[in-house]
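Asks: run_32.pdb is the file, holding PDB, C-alpha atoms:
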ATOM      1  CA  MET A   1      17.517   1.515  -1.328
ATOM      2  CA  ALA A   2      14.198   0.966  -3.116
ATOM      3  CA  ILE A   3      11.083   0.440  -1.004
ATOM      4  CA  LEU A   4       7.770  -0.670  -2.488
ATOM      5  CA  ILE A   5       4.580  -0.115  -0.506
ATOM      6  CA  SER A   6       1.257  -1.674  -1.427
ATOM      7  CA  PHE A   7      -1.815  -0.263   0.292
ATOM      8  CA  ASP A   8      -5.092  -2.012   0.929
ATOM      9  CA  ILE A   9      -7.932   0.502   0.572
ATOM     10  CA  ASP A  10     -10.937  -0.313   2.777
ATOM     11  CA  GLY A  11     -10.053   0.016   6.445
ATOM     12  CA  THR A  12      -6.555   1.218   5.545
ATOM     13  CA  LEU A  13      -6.733   4.442   3.539
ATOM     14  CA  GLU A  14      -8.735   7.436   4.757
ATOM     15  CA  VAL A  15     -10.808   7.177   1.557
ATOM     16  CA  GLY A  16     -11.740   3.533   2.184
ATOM     17  CA  ASP A  17     -15.052   2.124   3.366
ATOM     18  CA  PRO A  18     -14.631   2.046   6.295
ATOM     19  CA  PRO A  19     -12.037   4.807   6.437
ATOM     20  CA  GLY A  20      -8.583   3.843   7.679
ATOM     21  CA  GLY A  21      -5.787   5.717   9.384
ATOM     22  CA  VAL A  22      -3.481   6.238   6.403
ATOM     23  CA  THR A  23      -4.094   9.647   4.854
ATOM     24  CA  MET A  24      -3.500  10.482   1.225
ATOM     25  CA  ASP A  25      -0.919  13.018   2.425
ATOM     26  CA  MET A  26       0.982  10.177   4.102
ATOM     27  CA  VAL A  27       0.958   8.288   0.809
ATOM     28  CA  ARG A  28       2.295  11.402  -0.940
ATOM     29  CA  GLN A  29       4.979  11.714   1.726
ATOM     30  CA  ALA A  30       6.129   8.121   1.172
ATOM     31  CA  GLN A  31       6.141   8.717  -2.567
ATOM     32  CA  GLY A  32       8.155  11.899  -2.041
ATOM     33  CA  LEU A  33      10.747   9.839  -0.165
ATOM     34  CA  GLY A  34      11.166   7.713  -3.292
ATOM     35  CA  CYS A  35       8.946   4.756  -2.424
ATOM     36  CA  LEU A  36       7.162   2.882  -5.195
ATOM     37  CA  ILE A  37       3.465   3.147  -4.332
ATOM     38  CA  GLY A  38       0.352   1.263  -5.378
ATOM     39  CA  SER A  39      -2.679  -0.611  -4.145
ATOM     40  CA  CYS A  40      -3.726  -4.193  -3.711
ATOM     41  CA  SER A  41      -7.385  -4.513  -2.833
ATOM     42  CA  ASP A  42     -10.576  -6.482  -3.272
ATOM     43  CA  ARG A  43     -11.889  -3.455  -5.184
ATOM     44  CA  THR A  44     -11.718  -3.676  -8.963
ATOM     45  CA  VAL A  45      -8.604  -2.341 -10.633
ATOM     46  CA  SER A  46     -10.667   0.407 -12.286
ATOM     47  CA  GLU A  47     -12.050   1.494  -8.878
ATOM     48  CA  GLN A  48      -8.540   1.576  -7.438
ATOM     49  CA  ARG A  49      -7.256   3.662 -10.338
ATOM     50  CA  ARG A  50     -10.170   6.086  -9.959
ATOM     51  CA  ILE A  51      -9.422   6.608  -6.268
ATOM     52  CA  TRP A  52      -5.783   7.436  -6.957
ATOM     53  CA  ARG A  53      -6.639   9.647  -9.932
ATOM     54  CA  ASP A  54      -9.292  11.533  -7.941
ATOM     55  CA  HIS A  55      -6.639  12.350  -5.337
ATOM     56  CA  GLY A  56      -3.947  13.322  -7.829
ATOM     57  CA  ILE A  57      -1.595  10.463  -6.964
ATOM     58  CA  GLU A  58       0.201   8.561  -9.725
ATOM     59  CA  VAL A  59       0.796   4.985  -8.653
ATOM     60  CA  GLU A  60       3.038   2.281 -10.068
ATOM     61  CA  PHE A  61       0.460  -0.505  -9.797
ATOM     62  CA  THR A  62      -3.126  -1.423  -8.947
ATOM     63  CA  VAL A  63      -3.911  -5.112  -8.507
ATOM     64  CA  LEU A  64      -6.450  -7.442  -6.996
ATOM     65  CA  LYS A  65      -5.352  -8.970  -3.708
ATOM     66  CA  HIS A  66      -4.624 -12.434  -5.111
ATOM     67  CA  ARG A  67      -2.189 -10.895  -7.645
ATOM     68  CA  LEU A  68       0.160  -9.213  -5.180
ATOM     69  CA  LYS A  69       2.960 -11.653  -6.009
ATOM     70  CA  GLU A  70       2.981 -10.331  -9.589
ATOM     71  CA  VAL A  71       3.864  -6.884  -8.248
ATOM     72  CA  LYS A  72       7.010  -8.293  -6.653
ATOM     73  CA  GLU A  73       7.917  -9.984  -9.932
ATOM     74  CA  ARG A  74       7.429  -6.741 -11.924
ATOM     75  CA  PHE A  75       9.100  -4.223  -9.629
ATOM     76  CA  PRO A  76      12.556  -4.854  -8.209
ATOM     77  CA  ALA A  77      12.984  -3.354  -4.740
ATOM     78  CA  ASP A  78      15.034  -3.935  -1.616
ATOM     79  CA  GLU A  79      12.000  -4.027   0.666
ATOM     80  CA  TYR A  80       8.352  -4.889   0.016
ATOM     81  CA  TYR A  81       5.505  -3.901   2.343
ATOM     82  CA  HIS A  82       1.769  -4.415   2.204
ATOM     83  CA  VAL A  83      -0.232  -2.171   4.535
ATOM     84  CA  GLY A  84      -3.587  -3.545   5.603
ATOM     85  CA  ASP A  85      -6.073  -4.016   8.394
ATOM     86  CA  THR A  86      -7.227  -7.641   8.223
ATOM     87  CA  GLU A  87      -5.958 -11.173   8.579
ATOM     88  CA  ILE A  88      -6.669 -11.633   4.860
ATOM     89  CA  ASP A  89      -4.288  -8.746   4.117
ATOM     90  CA  ARG A  90      -1.631 -10.311   6.334
ATOM     91  CA  ARG A  91      -1.956 -13.705   4.654
ATOM     92  CA  ALA A  92      -1.921 -12.250   1.134
ATOM     93  CA  SER A  93       1.186 -10.218   1.880
ATOM     94  CA  LEU A  94       3.108 -13.114   3.394
ATOM     95  CA  GLN A  95       2.129 -15.472   0.566
ATOM     96  CA  ALA A  96       3.454 -12.928  -1.936
ATOM     97  CA  GLY A  97       6.732 -12.502  -0.053
ATOM     98  CA  PHE A  98       5.890  -9.046   1.309
ATOM     99  CA  ASN A  99       6.350  -7.792   4.848
ATOM    100  CA  PHE A 100       2.952  -7.135   6.387
ATOM    101  CA  LEU A 101       2.539  -3.770   8.063
ATOM    102  CA  PRO A 102      -0.656  -3.374  10.120
ATOM    103  CA  VAL A 103      -2.288  -0.028   9.427
ATOM    104  CA  GLU A 104      -1.602   1.261  12.960
ATOM    105  CA  ASP A 105       2.143   0.584  12.593
ATOM    106  CA  ALA A 106       2.160   2.037   9.088
ATOM    107  CA  VAL A 107       0.699   5.310  10.339
ATOM    108  CA  VAL A 108       3.499   5.639  12.894
ATOM    109  CA  ARG A 109       6.201   4.808  10.326
ATOM    110  CA  LEU A 110       4.756   7.151   7.708
ATOM    111  CA  LEU A 111       4.507   9.967  10.235
ATOM    112  CA  ASN A 112       8.163   9.384  11.094
ATOM    113  CA  GLY A 113       9.303   9.470   7.462
ATOM    114  CA  LEU A 114       9.588   5.665   7.194
ATOM    115  CA  ALA A 115      12.355   5.557   9.785
ATOM    116  CA  PRO A 116      13.299   1.967  10.700
ATOM    117  CA  GLN A 117      11.584   0.667  13.825
TER     118      GLN A 117
END
The structure in this file should be written as structure tokens.
Replies:
Amino acid sequence: MAILISFDIDGTLEVGDPPGGVTMDMVRQAQGLGCLIGSCSDRTVSEQRRIWRDHGIEVEFTVLKHRLKEVKERFPADEYYHVGDTEIDRRASLQAGFNFLPVEDAVVRLLNGLAPQ
């Protein structure tokens, strides 16, 4: 079963501004479990790519928040999640047909190897 996870950066990832609760090791863990990983942020695509590159993580996609729906069109998966920390993240994910996962819940799921809740 293919799972795609899109991460917001600021307030979500530990490298964001402000830092969030999702560590880069958690992202690596999800990737190691076979998840398709990428980011959807208000940061420019080049900034997003730099962050991933600087942390040695190869991602499938980097998009601006209003283009999240295009990710779903490009990458077939059984489940789609967007991890974020704001109401804007929640709205963007639902409009794109993704399940929204608040950062606090994502941390718990990632720590438990993405076990169903």
Asks: Neighbours of range 24-38 of chain A within 8 Å (all atoms listed in the file; same-chain residues fewer than 2 positions away dropped), as number ranges by chain?
Replies: A: 2-7, 13-14, 22, 40, 55, 57, 59-62, 107, 110-111, 113-114
Asks: To one decimal place in Å, what is the distance between CA of Gly97 in chain A and CA of Thr12 in chain A?
Replies: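 For CA of Gly97 in chain A relative to CA of Thr12 in chain A, the distance reads 19.9 Å.
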Asks: Applying 10 Å and only C-alpha atoms, which residues near Ser93 in chain A remain after dropping the ones on its own chain fewer than 2 positions away? List them as a PyMOL selection string.
Replies: chain A and resi 6+40+65-66+68-69+80-84+87-91+95-101
Asks: Nearest to Ser41 in chain A: which of A:Ala106, A:Ile9, A:Val15, A:Val71 is it, counting all atoms listed in the file?
Replies: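 Ranking A:Ala106, A:Ile9, A:Val15, A:Val71 by distance to Ser41 in chain A, first place goes to A:Ile9.
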Asks: Using only C-alpha atoms, which of the listed residues (A:Pro102, A:Asp85, A:Glu47, A:Asp54) sits closest to Pro18 in chain A?
Replies: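 Residue with the minimum atom-to-atom distance to Pro18 in chain A: A:Asp85.
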Asks: Return the single residue from A:Thr86, A:Asp105, A:Ala77, A:Ala92 that is closest to Gly11 in chain A, with distances computed using all atoms listed in the file.
Replies: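 Among the listed residues, the smallest separation from Gly11 in chain A belongs to A:Thr86.
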Asks: Work out how far CA of Pro19 in chain A is from CA of Glu70 in chain A, in Å to one decimal.
Replies: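 Between CA of Glu70 in chain A and CA of Pro19 in chain A the gap works out to 26.7 Å.
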Asks: If I take CA of Asp8 in chain A and CA of Val108 in chain A, how far is one from the other in Å, to one decimal?
Replies: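 Result for CA of Asp8 in chain A versus CA of Val108 in chain A: 16.6 Å, one decimal.
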Asks: For a quick check of understanding, using only C-alpha atoms, which of A:Asp10, A:Glu58, A:Glu73, A:Asp17 has the smallest distance to Asp42 in chain A?
Replies: A:Asp10
